[in-house]
file coords-v2.pdb (PDB, C-alpha atoms)
MODEL        1
ATOM      1  CA  MET S 100       2.930  19.826   7.947  1.00  0.00           C
ATOM      2  CA  SER S 101       0.429  17.253   9.030  1.00  0.00           C
ATOM      3  CA  THR S 102      -1.685  15.581   6.376  1.00  0.00           C
ATOM      4  CA  ILE S 103      -4.557  15.536   8.868  1.00  0.00           C
ATOM      5  CA  ARG S 104      -6.895  18.409   9.678  1.00  0.00           C
ATOM      6  CA  VAL S 105      -9.253  17.437  12.448  1.00  0.00           C
ATOM      7  CA  ARG S 106     -11.770  19.058  14.772  1.00  0.00           C
ATOM      8  CA  ALA S 107     -13.318  17.301  17.753  1.00  0.00           C
ATOM      9  CA  GLN S 108     -16.144  19.071  19.530  1.00  0.00           C
ATOM     10  CA  GLU S 109     -18.083  17.920  22.560  1.00  0.00           C
ATOM     11  CA  ALA S 110     -21.768  18.664  23.159  1.00  0.00           C
ATOM     12  CA  ASP S 111     -23.914  16.903  25.774  1.00  0.00           C
ATOM     13  CA  GLY S 112     -21.260  14.235  26.334  1.00  0.00           C
ATOM     14  CA  MET S 113     -21.014  13.386  22.616  1.00  0.00           C
ATOM     15  CA  VAL S 114     -17.862  14.207  20.695  1.00  0.00           C
ATOM     16  CA  THR S 115     -18.226  14.871  16.965  1.00  0.00           C
ATOM     17  CA  VAL S 116     -15.026  14.372  14.989  1.00  0.00           C
ATOM     18  CA  ARG S 117     -14.597  15.834  11.503  1.00  0.00           C
ATOM     19  CA  ALA S 118     -11.355  15.016   9.710  1.00  0.00           C
ATOM     20  CA  LEU S 119      -9.889  15.872   6.319  1.00  0.00           C
ATOM     21  CA  ILE S 120      -6.813  13.951   5.220  1.00  0.00           C
ATOM     22  CA  THR S 121      -4.580  14.960   2.328  1.00  0.00           C
ATOM     23  CA  HIS S 122      -3.994  11.793   0.290  1.00  0.00           C
ATOM     24  CA  PRO S 123      -4.172  10.912  -3.452  1.00  0.00           C
ATOM     25  CA  MET S 124      -6.250   7.721  -2.919  1.00  0.00           C
ATOM     26  CA  GLU S 125      -5.139   6.341  -6.301  1.00  0.00           C
ATOM     27  CA  THR S 126      -7.282   3.413  -7.429  1.00  0.00           C
ATOM     28  CA  GLY S 127      -4.656   1.786  -9.649  1.00  0.00           C
ATOM     29  CA  THR S 128      -6.973   2.012 -12.682  1.00  0.00           C
ATOM     30  CA  ARG S 129      -6.178   5.603 -13.645  1.00  0.00           C
ATOM     31  CA  LYS S 130      -3.667   6.390 -16.393  1.00  0.00           C
ATOM     32  CA  ASP S 131      -1.143   9.224 -16.476  1.00  0.00           C
ATOM     33  CA  SER S 132      -0.608  11.542 -19.460  1.00  0.00           C
ATOM     34  CA  ALA S 133       1.738   8.968 -21.058  1.00  0.00           C
ATOM     35  CA  GLY S 134      -0.975   6.305 -20.899  1.00  0.00           C
ATOM     36  CA  GLU S 135       0.744   4.332 -18.128  1.00  0.00           C
ATOM     37  CA  LEU S 136      -1.322   3.003 -15.231  1.00  0.00           C
ATOM     38  CA  ILE S 137      -0.756   4.888 -11.984  1.00  0.00           C
ATOM     39  CA  ALA S 138      -0.027   2.429  -9.167  1.00  0.00           C
ATOM     40  CA  PRO S 139      -2.622   2.116  -6.420  1.00  0.00           C
ATOM     41  CA  HIS S 140      -1.859   4.322  -3.440  1.00  0.00           C
ATOM     42  CA  HIS S 141      -4.518   4.537  -0.808  1.00  0.00           C
ATOM     43  CA  ILE S 142      -5.128   4.751   2.930  1.00  0.00           C
ATOM     44  CA  GLN S 143      -6.038   1.373   4.373  1.00  0.00           C
ATOM     45  CA  VAL S 144      -6.573   2.071   8.067  1.00  0.00           C
ATOM     46  CA  VAL S 145      -7.680   5.115  10.031  1.00  0.00           C
ATOM     47  CA  ASN S 146      -7.584   4.829  13.789  1.00  0.00           C
ATOM     48  CA  ALA S 147      -8.957   7.088  16.528  1.00  0.00           C
ATOM     49  CA  GLU S 148      -7.842   6.723  20.136  1.00  0.00           C
ATOM     50  CA  VAL S 149      -8.454   8.552  23.394  1.00  0.00           C
ATOM     51  CA  GLY S 150      -5.713   7.568  25.824  1.00  0.00           C
ATOM     52  CA  ASP S 151      -5.282   3.837  25.312  1.00  0.00           C
ATOM     53  CA  THR S 152      -8.881   3.336  24.228  1.00  0.00           C
ATOM     54  CA  GLU S 153      -9.721   2.827  20.558  1.00  0.00           C
ATOM     55  CA  VAL S 154     -12.950   4.622  19.776  1.00  0.00           C
ATOM     56  CA  MET S 155     -13.124   4.010  16.018  1.00  0.00           C
ATOM     57  CA  THR S 156     -11.180   2.084  13.385  1.00  0.00           C
ATOM     58  CA  ALA S 157     -11.954   2.530   9.699  1.00  0.00           C
ATOM     59  CA  TYR S 158     -10.699   0.225   6.939  1.00  0.00           C
ATOM     60  CA  TRP S 159     -10.753   1.888   3.540  1.00  0.00           C
ATOM     61  CA  ASN S 160     -10.623   0.691  -0.053  1.00  0.00           C
ATOM     62  CA  THR S 161      -9.351   2.633  -3.082  1.00  0.00           C
ATOM     63  CA  THR S 162     -12.928   3.853  -3.582  1.00  0.00           C
ATOM     64  CA  ILE S 163     -12.839   6.390  -0.764  1.00  0.00           C
ATOM     65  CA  SER S 164     -12.510   9.785  -2.478  1.00  0.00           C
ATOM     66  CA  ARG S 165      -9.252  11.666  -2.885  1.00  0.00           C
ATOM     67  CA  ASN S 166      -8.371  13.823   0.164  1.00  0.00           C
ATOM     68  CA  PRO S 167     -10.771  11.822   2.330  1.00  0.00           C
ATOM     69  CA  PHE S 168     -13.385  13.251   4.659  1.00  0.00           C
ATOM     70  CA  PHE S 169     -14.373  11.250   7.714  1.00  0.00           C
ATOM     71  CA  GLN S 170     -16.894  12.098  10.406  1.00  0.00           C
ATOM     72  CA  PHE S 171     -17.825  10.013  13.443  1.00  0.00           C
ATOM     73  CA  GLN S 172     -19.056  10.411  17.005  1.00  0.00           C
ATOM     74  CA  PHE S 173     -18.342   8.911  20.394  1.00  0.00           C
ATOM     75  CA  ALA S 174     -19.117   9.508  24.081  1.00  0.00           C
ATOM     76  CA  GLY S 175     -16.260  11.584  25.469  1.00  0.00           C
ATOM     77  CA  ASN S 176     -15.112  14.589  27.454  1.00  0.00           C
ATOM     78  CA  LYS S 177     -14.009  18.102  26.666  1.00  0.00           C
ATOM     79  CA  GLY S 178     -10.268  18.559  27.282  1.00  0.00           C
ATOM     80  CA  ASP S 179      -9.319  14.948  26.491  1.00  0.00           C
ATOM     81  CA  THR S 180      -6.856  14.306  23.682  1.00  0.00           C
ATOM     82  CA  LEU S 181      -7.956  12.452  20.565  1.00  0.00           C
ATOM     83  CA  LYS S 182      -5.228  10.816  18.499  1.00  0.00           C
ATOM     84  CA  LEU S 183      -6.069  10.243  14.849  1.00  0.00           C
ATOM     85  CA  SER S 184      -3.738   8.225  12.626  1.00  0.00           C
ATOM     86  CA  TRP S 185      -3.702   6.631   9.185  1.00  0.00           C
ATOM     87  CA  SER S 186      -1.526   4.182   7.289  1.00  0.00           C
ATOM     88  CA  ASP S 187      -1.561   3.357   3.585  1.00  0.00           C
ATOM     89  CA  ASN S 188      -0.669   0.501   1.231  1.00  0.00           C
ATOM     90  CA  LYS S 189       2.842   1.875   0.689  1.00  0.00           C
ATOM     91  CA  GLY S 190       3.630   1.822   4.402  1.00  0.00           C
ATOM     92  CA  GLU S 191       3.318   5.579   4.769  1.00  0.00           C
ATOM     93  CA  SER S 192       1.501   6.926   7.794  1.00  0.00           C
ATOM     94  CA  ASP S 193       0.721  10.045   9.780  1.00  0.00           C
ATOM     95  CA  SER S 194      -0.936  10.908  13.043  1.00  0.00           C
ATOM     96  CA  THR S 195      -2.066  13.981  14.898  1.00  0.00           C
ATOM     97  CA  ASP S 196      -3.352  14.851  18.360  1.00  0.00           C
ATOM     98  CA  VAL S 197      -6.277  17.176  18.914  1.00  0.00           C
ATOM     99  CA  THR S 198      -7.766  18.452  22.149  1.00  0.00           C
ATOM    100  CA  ILE S 199     -11.497  17.888  22.356  1.00  0.00           C
ATOM    101  CA  GLY S 200     -13.132  21.308  22.540  1.00  0.00           C
TER
ATOM    102  CA  MET D  10      28.025  23.495   7.282  1.00  0.00           C
ATOM    103  CA  THR D  11      25.846  23.331   4.232  1.00  0.00           C
ATOM    104  CA  SER D  12      27.389  20.066   3.096  1.00  0.00           C
ATOM    105  CA  ASN D  13      26.888  18.557   6.562  1.00  0.00           C
ATOM    106  CA  LYS D  14      23.215  19.323   6.497  1.00  0.00           C
ATOM    107  CA  ARG D  15      23.016  17.929   3.025  1.00  0.00           C
ATOM    108  CA  ARG D  16      24.672  14.707   4.169  1.00  0.00           C
ATOM    109  CA  VAL D  17      22.229  14.312   7.050  1.00  0.00           C
ATOM    110  CA  PHE D  18      19.358  14.934   4.699  1.00  0.00           C
ATOM    111  CA  LEU D  19      20.604  12.348   2.212  1.00  0.00           C
ATOM    112  CA  LYS D  20      21.147   9.811   4.984  1.00  0.00           C
ATOM    113  CA  GLY D  21      17.603  10.350   6.161  1.00  0.00           C
ATOM    114  CA  THR D  22      16.205   9.891   2.672  1.00  0.00           C
ATOM    115  CA  LEU D  23      18.230   6.745   2.126  1.00  0.00           C
ATOM    116  CA  ALA D  24      17.102   5.236   5.407  1.00  0.00           C
ATOM    117  CA  ALA D  25      13.473   5.997   4.613  1.00  0.00           C
ATOM    118  CA  GLY D  26      13.945   4.469   1.179  1.00  0.00           C
ATOM    119  CA  THR D  27      15.327   1.258   2.643  1.00  0.00           C
ATOM    120  CA  VAL D  28      12.447   0.930   5.063  1.00  0.00           C
ATOM    121  CA  GLY D  29      10.046   1.559   2.203  1.00  0.00           C
ATOM    122  CA  VAL D  30      11.610  -1.240   0.160  1.00  0.00           C
ATOM    123  CA  ALA D  31      11.533  -3.618   3.137  1.00  0.00           C
ATOM    124  CA  VAL D  32       7.859  -2.852   3.695  1.00  0.00           C
ATOM    125  CA  GLY D  33       7.093  -3.285   0.006  1.00  0.00           C
ATOM    126  CA  ALA D  34       8.824  -6.660  -0.023  1.00  0.00           C
ATOM    127  CA  GLY D  35       6.747  -7.772   2.956  1.00  0.00           C
ATOM    128  CA  LEU D  36       9.804  -8.044   5.198  1.00  0.00           C
ATOM    129  CA  LEU D  37       8.378  -5.628   7.709  1.00  0.00           C
ATOM    130  CA  ALA D  38       4.825  -5.180   8.844  1.00  0.00           C
ATOM    131  CA  PRO D  39       4.240  -1.412   8.569  1.00  0.00           C
ATOM    132  CA  SER D  40       2.055  -1.584  11.654  1.00  0.00           C
ATOM    133  CA  GLN D  41      -0.202  -3.901  13.538  1.00  0.00           C
ATOM    134  CA  LEU D  42      -3.153  -2.053  12.078  1.00  0.00           C
ATOM    135  CA  LEU D  43      -2.182  -2.583   8.493  1.00  0.00           C
ATOM    136  CA  ALA D  44      -2.036  -6.318   9.064  1.00  0.00           C
ATOM    137  CA  ALA D  45      -5.696  -6.140  10.006  1.00  0.00           C
ATOM    138  CA  TRP D  46      -6.779  -4.601   6.675  1.00  0.00           C
ATOM    139  CA  PRO D  47      -9.140  -7.294   5.314  1.00  0.00           C
ATOM    140  CA  GLU D  48      -7.624  -7.586   1.848  1.00  0.00           C
ATOM    141  CA  PRO D  49      -9.860 -10.388   0.435  1.00  0.00           C
ATOM    142  CA  ALA D  50     -12.963  -8.367   1.308  1.00  0.00           C
ATOM    143  CA  PHE D  51     -11.629  -5.237  -0.389  1.00  0.00           C
ATOM    144  CA  LYS D  52     -10.329  -7.075  -3.469  1.00  0.00           C
ATOM    145  CA  ALA D  53     -13.500  -9.156  -3.975  1.00  0.00           C
ATOM    146  CA  ARG D  54     -15.196  -8.493  -7.343  1.00  0.00           C
ATOM    147  CA  GLY D  55     -18.983  -8.724  -7.642  1.00  0.00           C
ATOM    148  CA  PHE D  56     -21.529  -7.801  -5.007  1.00  0.00           C
ATOM    149  CA  ASP D  57     -22.310 -11.239  -3.532  1.00  0.00           C
ATOM    150  CA  GLU D  58     -18.629 -12.169  -3.395  1.00  0.00           C
ATOM    151  CA  SER D  59     -17.895  -8.865  -1.690  1.00  0.00           C
ATOM    152  CA  LEU D  60     -20.685  -9.344   0.886  1.00  0.00           C
ATOM    153  CA  ASN D  61     -19.481 -12.854   1.630  1.00  0.00           C
ATOM    154  CA  ALA D  62     -15.864 -11.815   2.010  1.00  0.00           C
ATOM    155  CA  ALA D  63     -16.637  -8.756   4.124  1.00  0.00           C
ATOM    156  CA  LEU D  64     -19.550  -9.942   6.247  1.00  0.00           C
ATOM    157  CA  GLY D  65     -19.543 -13.733   5.941  1.00  0.00           C
ATOM    158  CA  THR D  66     -23.107 -13.663   4.626  1.00  0.00           C
ATOM    159  CA  THR D  67     -25.176 -12.412   1.687  1.00  0.00           C
ATOM    160  CA  GLU D  68     -28.346 -12.270   3.824  1.00  0.00           C
ATOM    161  CA  LEU D  69     -29.029  -8.713   4.930  1.00  0.00           C
ATOM    162  CA  PRO D  70     -32.414  -8.373   6.633  1.00  0.00           C
ATOM    163  CA  ASP D  71     -33.816  -4.825   6.615  1.00  0.00           C
ATOM    164  CA  GLY D  72     -32.574  -2.815   9.568  1.00  0.00           C
ATOM    165  CA  ASP D  73     -33.339   0.562  11.117  1.00  0.00           C
ATOM    166  CA  ILE D  74     -30.606   2.189   9.051  1.00  0.00           C
ATOM    167  CA  SER D  75     -30.639   5.559   7.360  1.00  0.00           C
ATOM    168  CA  ILE D  76     -28.433   6.383   4.389  1.00  0.00           C
ATOM    169  CA  THR D  77     -28.036  10.037   3.463  1.00  0.00           C
ATOM    170  CA  ALA D  78     -26.683  10.312  -0.079  1.00  0.00           C
ATOM    171  CA  PRO D  79     -27.587  12.428  -3.110  1.00  0.00           C
ATOM    172  CA  GLU D  80     -30.247  10.994  -5.455  1.00  0.00           C
ATOM    173  CA  ILE D  81     -28.203  12.373  -8.321  1.00  0.00           C
ATOM    174  CA  ALA D  82     -24.443  12.753  -8.010  1.00  0.00           C
ATOM    175  CA  GLU D  83     -22.967  14.882 -10.771  1.00  0.00           C
ATOM    176  CA  ASN D  84     -19.431  13.767  -9.980  1.00  0.00           C
ATOM    177  CA  GLY D  85     -18.858  10.095  -9.198  1.00  0.00           C
ATOM    178  CA  MET D  86     -15.416  10.933  -7.856  1.00  0.00           C
ATOM    179  CA  VAL D  87     -16.918  12.522  -4.748  1.00  0.00           C
ATOM    180  CA  VAL D  88     -20.237  11.209  -3.453  1.00  0.00           C
ATOM    181  CA  PRO D  89     -20.969  12.181   0.166  1.00  0.00           C
ATOM    182  CA  VAL D  90     -22.596   9.408   2.185  1.00  0.00           C
ATOM    183  CA  THR D  91     -23.743   9.380   5.811  1.00  0.00           C
ATOM    184  CA  VAL D  92     -24.904   6.192   7.525  1.00  0.00           C
ATOM    185  CA  GLU D  93     -26.746   6.200  10.839  1.00  0.00           C
ATOM    186  CA  THR D  94     -28.715   3.582  12.721  1.00  0.00           C
ATOM    187  CA  GLY D  95     -31.111   3.518  15.636  1.00  0.00           C
ATOM    188  CA  MET D  96     -30.218  -0.109  16.371  1.00  0.00           C
ATOM    189  CA  GLY D  97     -28.387  -1.025  19.580  1.00  0.00           C
ATOM    190  CA  ASP D  98     -25.305  -3.142  20.318  1.00  0.00           C
ATOM    191  CA  VAL D  99     -23.608  -2.154  17.063  1.00  0.00           C
ATOM    192  CA  THR D 100     -20.043  -3.409  16.697  1.00  0.00           C
ATOM    193  CA  GLU D 101     -19.310  -2.966  12.976  1.00  0.00           C
ATOM    194  CA  MET D 102     -20.586  -1.097   9.934  1.00  0.00           C
ATOM    195  CA  ALA D 103     -19.760  -1.342   6.232  1.00  0.00           C
ATOM    196  CA  LEU D 104     -20.572   0.515   3.022  1.00  0.00           C
ATOM    197  CA  PHE D 105     -20.879  -1.057  -0.435  1.00  0.00           C
ATOM    198  CA  VAL D 106     -21.496   0.237  -3.957  1.00  0.00           C
ATOM    199  CA  GLU D 107     -23.233  -2.636  -5.750  1.00  0.00           C
ATOM    200  CA  LYS D 108     -21.907  -1.854  -9.247  1.00  0.00           C
ATOM    201  CA  ASN D 109     -18.365  -0.798  -8.376  1.00  0.00           C
ATOM    202  CA  GLY D 110     -15.720  -3.268  -9.574  1.00  0.00           C
ATOM    203  CA  ALA D 111     -14.751  -3.831  -5.962  1.00  0.00           C
ATOM    204  CA  PRO D 112     -18.014  -3.088  -4.122  1.00  0.00           C
ATOM    205  CA  LEU D 113     -16.750  -2.761  -0.519  1.00  0.00           C
ATOM    206  CA  THR D 114     -15.728   0.874   0.011  1.00  0.00           C
ATOM    207  CA  SER D 115     -15.074   0.786   3.729  1.00  0.00           C
ATOM    208  CA  LYS D 116     -15.608  -1.053   6.962  1.00  0.00           C
ATOM    209  CA  TYR D 117     -15.817   0.438  10.455  1.00  0.00           C
ATOM    210  CA  VAL D 118     -15.104  -1.181  13.812  1.00  0.00           C
ATOM    211  CA  LEU D 119     -16.738   0.709  16.665  1.00  0.00           C
ATOM    212  CA  GLY D 120     -14.730   1.094  19.852  1.00  0.00           C
ATOM    213  CA  ALA D 121     -15.686   2.157  23.352  1.00  0.00           C
ATOM    214  CA  GLY D 122     -18.496   4.716  23.374  1.00  0.00           C
ATOM    215  CA  ALA D 123     -18.685   5.034  19.576  1.00  0.00           C
ATOM    216  CA  VAL D 124     -22.013   6.190  18.151  1.00  0.00           C
ATOM    217  CA  PRO D 125     -23.153   3.947  15.263  1.00  0.00           C
ATOM    218  CA  MET D 126     -22.750   6.546  12.529  1.00  0.00           C
ATOM    219  CA  PHE D 127     -20.148   7.668  10.019  1.00  0.00           C
ATOM    220  CA  ALA D 128     -19.886  10.057   7.108  1.00  0.00           C
ATOM    221  CA  THR D 129     -17.389   9.951   4.277  1.00  0.00           C
ATOM    222  CA  ARG D 130     -17.090  10.559   0.533  1.00  0.00           C
ATOM    223  CA  ILE D 131     -16.877   7.688  -1.923  1.00  0.00           C
ATOM    224  CA  LYS D 132     -16.165   7.034  -5.610  1.00  0.00           C
ATOM    225  CA  MET D 133     -18.857   5.528  -7.834  1.00  0.00           C
ATOM    226  CA  GLY D 134     -18.079   4.216 -11.304  1.00  0.00           C
ATOM    227  CA  GLU D 135     -21.696   4.422 -12.474  1.00  0.00           C
ATOM    228  CA  SER D 136     -25.272   4.750 -11.181  1.00  0.00           C
ATOM    229  CA  SER D 137     -25.817   2.102  -8.530  1.00  0.00           C
ATOM    230  CA  ASP D 138     -27.438   1.209  -5.259  1.00  0.00           C
ATOM    231  CA  VAL D 139     -25.372   2.096  -2.214  1.00  0.00           C
ATOM    232  CA  ILE D 140     -25.718  -0.494   0.551  1.00  0.00           C
ATOM    233  CA  ALA D 141     -25.060   0.137   4.233  1.00  0.00           C
ATOM    234  CA  ALA D 142     -24.577  -2.880   6.496  1.00  0.00           C
ATOM    235  CA  VAL D 143     -24.761  -2.727  10.284  1.00  0.00           C
ATOM    236  CA  LYS D 144     -23.853  -5.523  12.696  1.00  0.00           C
ATOM    237  CA  SER D 145     -26.256  -5.306  15.638  1.00  0.00           C
ATOM    238  CA  GLY D 146     -26.402  -7.982  18.330  1.00  0.00           C
ATOM    239  CA  GLY D 147     -24.096 -10.155  16.231  1.00  0.00           C
ATOM    240  CA  THR D 148     -26.321 -10.086  13.097  1.00  0.00           C
ATOM    241  CA  TRP D 149     -25.738  -8.041   9.946  1.00  0.00           C
ATOM    242  CA  TYR D 150     -28.640  -5.878   8.756  1.00  0.00           C
ATOM    243  CA  GLY D 151     -28.790  -3.758   5.626  1.00  0.00           C
ATOM    244  CA  ALA D 152     -30.375  -0.836   3.810  1.00  0.00           C
ATOM    245  CA  ARG D 153     -29.935   0.469   0.283  1.00  0.00           C
ATOM    246  CA  GLN D 154     -30.404   3.674  -1.662  1.00  0.00           C
ATOM    247  CA  GLU D 155     -30.033   4.377  -5.346  1.00  0.00           C
ATOM    248  CA  VAL D 156     -27.578   7.056  -6.443  1.00  0.00           C
ATOM    249  CA  LYS D 157     -27.610   8.176 -10.081  1.00  0.00           C
ATOM    250  CA  VAL D 158     -24.175   9.211 -11.277  1.00  0.00           C
ATOM    251  CA  THR D 159     -23.769  11.672 -14.150  1.00  0.00           C
ATOM    252  CA  ILE D 160     -19.976  11.342 -14.569  1.00  0.00           C
ATOM    253  CA  GLY D 161     -18.367   8.122 -13.316  1.00  0.00           C
ATOM    254  CA  GLY D 162     -15.514   8.319 -10.881  1.00  0.00           C
ATOM    255  CA  CYS D 163     -13.297   5.265 -11.034  1.00  0.00           C
ATOM    256  CA  GLY D 164     -10.859   6.437 -13.689  1.00  0.00           C
ATOM    257  CA  GLY D 165      -9.802   4.047 -16.431  1.00  0.00           C
TER
ENDMDL
END
call {"tool": "encode", "arguments": {"input": "coords-v2.pdb", "output": "structure tokens"}}
result
Amino acid sequence: MSTIRVRAQEADGMVTVRALITHPMETGTRKDSAGELIAPHHIQVVNAEVGDTEVMTAYWNTTISRNPFFQFQFAGNKGDTLKLSWSDNKGESDSTDVTIG
Amino acid sequence: MTSNKRRVFLKGTLAAGTVGVAVGAGLLAPSQLLAAWPEPAFKARGFDESLNAALGTTELPDGDISITAPEIAENGMVVPVTVETGMGDVTEMALFVEKNGAPLTSKYVLGAGAVPMFATRIKMGESSDVIAAVKSGGTWYGARQEVKVTIGGCGG
């Protein structure tokens, strides 16, 4: 199952993207029940593309909340495909395609 | 049959593990994008150091920037923030929490047709000003808003 839930909706030529990503976003300063520090684990880059065109790139620190929410807007067309992807500090990544509605 | 599947599964896990180790050791770049993550800016401690590392300046003249954030956030783990600007020719935006250990929370590079706005949720360790920076016409502008935090959200 994708870690990304995203909706992209066009109105008057503007596409509003709302995304929720499942990710722990560990800061590296939190301790587990045994008192050991939990290693940092966080998304570093989120990228949004339509075709070969990058519309938005976000760079994130550990201080973006757990299970991040991200909303942005761009000029675009209904029916186009938006590709949203992320990669984190452990080299994990995910991506999903959504049709702009 | 069952054991075959199991073997394939194990092989897959092993392969993924090896790649993970290689990435961790810096032998492989996980992606082009990751290489672009501005580590010094995100690791910088202290507000001025963070501004300098992220923006190349500590001068942030007032801009036409609106920050929507709660005046009082009960939970510092999840503070919703929206940044919008009426300024033109915007290429980048950034969001800082002055009193967080590492103040830069995020930086945004606007691509073709992007509207200069974003909304996300951030962690705040304590009550602090939240600072939005917007690069318009090649110059960084800023705005700030205070957010009082009841329960801090940076663990520790």
call {"tool": "closest_residue", "arguments": {"input": "coords-v2.pdb", "among": "S:Thr121, S:Thr115, S:Thr128, S:Thr102", "to": "S:Thr162", "atoms": "all atoms listed in the file"}}
result
S:Thr128
call {"tool": "interface_residues", "arguments": {"input": "coords-v2.pdb", "of": "chain D", "to": "chain S", "cutoff": "6 Å", "atoms": "only C-alpha atoms", "output": "list of chain:residue names"}}
result
D:Pro39, D:Val87, D:Thr114, D:Ser115, D:Lys116, D:Tyr117, D:Val118, D:Leu119, D:Gly120, D:Ala121, D:Gly122, D:Ala123, D:Val124, D:Phe127, D:Ala128, D:Thr129, D:Arg130, D:Ile131, D:Lys132, D:Gly164, D:Gly165
call {"tool": "write_last_selection", "arguments": {"input": "coords-v2.pdb", "atoms": "C-alpha atoms", "output": "mmCIF file, in the coordinates of the input"}}
result
data_model
loop_
_atom_site.group_PDB
_atom_site.id
_atom_site.type_symbol
_atom_site.label_atom_id
_atom_site.label_comp_id
_atom_site.auth_asym_id
_atom_site.auth_seq_id
_atom_site.Cartn_x
_atom_site.Cartn_y
_atom_site.Cartn_z
ATOM 1 C CA PRO D 39 4.240 -1.412 8.569
ATOM 2 C CA VAL D 87 -16.918 12.522 -4.748
ATOM 3 C CA THR D 114 -15.728 0.874 0.011
ATOM 4 C CA SER D 115 -15.074 0.786 3.729
ATOM 5 C CA LYS D 116 -15.608 -1.053 6.962
ATOM 6 C CA TYR D 117 -15.817 0.438 10.455
ATOM 7 C CA VAL D 118 -15.104 -1.181 13.812
ATOM 8 C CA LEU D 119 -16.738 0.709 16.665
ATOM 9 C CA GLY D 120 -14.730 1.094 19.852
ATOM 10 C CA ALA D 121 -15.686 2.157 23.352
ATOM 11 C CA GLY D 122 -18.496 4.716 23.374
ATOM 12 C CA ALA D 123 -18.685 5.034 19.576
ATOM 13 C CA VAL D 124 -22.013 6.190 18.151
ATOM 14 C CA PHE D 127 -20.148 7.668 10.019
ATOM 15 C CA ALA D 128 -19.886 10.057 7.108
ATOM 16 C CA THR D 129 -17.389 9.951 4.277
ATOM 17 C CA ARG D 130 -17.090 10.559 0.533
ATOM 18 C CA ILE D 131 -16.877 7.688 -1.923
ATOM 19 C CA LYS D 132 -16.165 7.034 -5.610
ATOM 20 C CA GLY D 164 -10.859 6.437 -13.689
ATOM 21 C CA GLY D 165 -9.802 4.047 -16.431
#
call {"tool": "atom_distance", "arguments": {"input": "coords-v2.pdb", "atom1": "atom CA of D:Phe51", "atom2": "atom CA of D:Leu113"}}
result
5.7 Å
call {"tool": "residues_near_point", "arguments": {"input": "coords-v2.pdb", "point": "(-16.7, -1.9, -6.7)", "cutoff": "12 Å", "atoms": "all atoms listed in the file", "output": "PyMOL selection string"}}
result
(chain S and resi 126+160-163) or (chain D and resi 50-60+104-115+131-140+162-163)
call {"tool": "atom_distance", "arguments": {"input": "coords-v2.pdb", "atom1": "atom CA of D:Gly72", "atom2": "atom CA of D:Pro47"}}
result
24.2 Å
call {"tool": "residues_near_point", "arguments": {"input": "coords-v2.pdb", "point": "(-34.3, 4.5, -5.2)", "cutoff": "8 Å", "atoms": "only C-alpha atoms", "output": "NGL selection string"}}
result
:D and (80 or 138 or 154-156)
call {"tool": "atom_distance", "arguments": {"input": "coords-v2.pdb", "atom1": "atom CA of D:Ala152", "atom2": "atom CA of D:Ile76"}}
result
7.5 Å
call {"tool": "residues_around", "arguments": {"input": "coords-v2.pdb", "residues": "D:Leu69", "least_positions_apart": "5", "cutoff": "8 Å", "atoms": "all atoms listed in the file", "output": "compact mmCIF listing (two decimals) with C-alpha atoms, in the coordinates of the input"}}
result
# COMPACT_ATOMS: atom_id res chain seq x y z
CA ALA D 142 -24.58 -2.88 6.50
CA TRP D 149 -25.74 -8.04 9.95
CA TYR D 150 -28.64 -5.88 8.76
CA GLY D 151 -28.79 -3.76 5.63
call {"tool": "closest_residue", "arguments": {"input": "coords-v2.pdb", "among": "S:Gln108, S:Thr198, S:Ser132, S:Ser101", "to": "S:Ile120", "atoms": "only C-alpha atoms"}}
result
S:Ser101
call {"tool": "closest_residue", "arguments": {"input": "coords-v2.pdb", "among": "D:Met86, D:Ile81, D:Ile74, D:Ala45", "to": "D:Gly161", "atoms": "only C-alpha atoms"}}
result
D:Met86
call {"tool": "residues_around", "arguments": {"input": "coords-v2.pdb", "residues": "S:Ser194", "least_positions_apart": "4", "cutoff": "7 Å", "atoms": "only C-alpha atoms", "output": "list in words"}}
result
Lys182, Leu183, Ser184 and Trp185 of chain S
call {"tool": "write_last_selection", "arguments": {"input": "coords-v2.pdb", "atoms": "C-alpha atoms", "output": "CSV table (one decimal), in the coordinates of the input"}}
result
chain,number,residue,atom,x,y,z
S,182,LYS,CA,-5.2,10.8,18.5
S,183,LEU,CA,-6.1,10.2,14.8
S,184,SER,CA,-3.7,8.2,12.6
S,185,TRP,CA,-3.7,6.6,9.2
call {"tool": "closest_residue", "arguments": {"input": "coords-v2.pdb", "among": "D:Ala62, D:Ala82, D:Ile160, D:Val143", "to": "D:Met96", "atoms": "all atoms listed in the file"}}
result
D:Val143
call {"tool": "closest_residue", "arguments": {"input": "coords-v2.pdb", "among": "D:Glu48, D:Ala78, D:Ala103, D:Ala141", "to": "D:Leu64", "atoms": "all atoms listed in the file"}}
result
D:Ala103
call {"tool": "axis_aligned_box", "arguments": {"input": "coords-v2.pdb", "around": "stretch 105-116 of chain S", "padding_each_side": "8 Å", "output": "AutoDock Vina command-line options"}}
result
--center_x -16.6 --center_y 16.2 --center_z 19.4 --size_x 30.7 --size_y 21.7 --size_z 29.9
call {"tool": "resolve_selection", "arguments": {"input": "coords-v2.pdb", "expression": "the PyMOL selection byres ((chain S and resi 178-180) around 7)", "output": "list in words"}}
result
Val149, Asn176, Lys177, Leu181, Lys182, Asp196, Val197, Thr198, Ile199 and Gly200 of chain S
call {"tool": "write_last_selection", "arguments": {"input": "coords-v2.pdb", "atoms": "C-alpha atoms", "output": "short mmCIF file (atom, residue, chain, number, x, y, z; two decimals), keeping the file's coordinate frame"}}
result
data_model
loop_
_atom_site.label_atom_id
_atom_site.label_comp_id
_atom_site.auth_asym_id
_atom_site.auth_seq_id
_atom_site.Cartn_x
_atom_site.Cartn_y
_atom_site.Cartn_z
CA VAL S 149 -8.45 8.55 23.39
CA ASN S 176 -15.11 14.59 27.45
CA LYS S 177 -14.01 18.10 26.67
CA LEU S 181 -7.96 12.45 20.56
CA LYS S 182 -5.23 10.82 18.50
CA ASP S 196 -3.35 14.85 18.36
CA VAL S 197 -6.28 17.18 18.91
CA THR S 198 -7.77 18.45 22.15
CA ILE S 199 -11.50 17.89 22.36
CA GLY S 200 -13.13 21.31 22.54
#
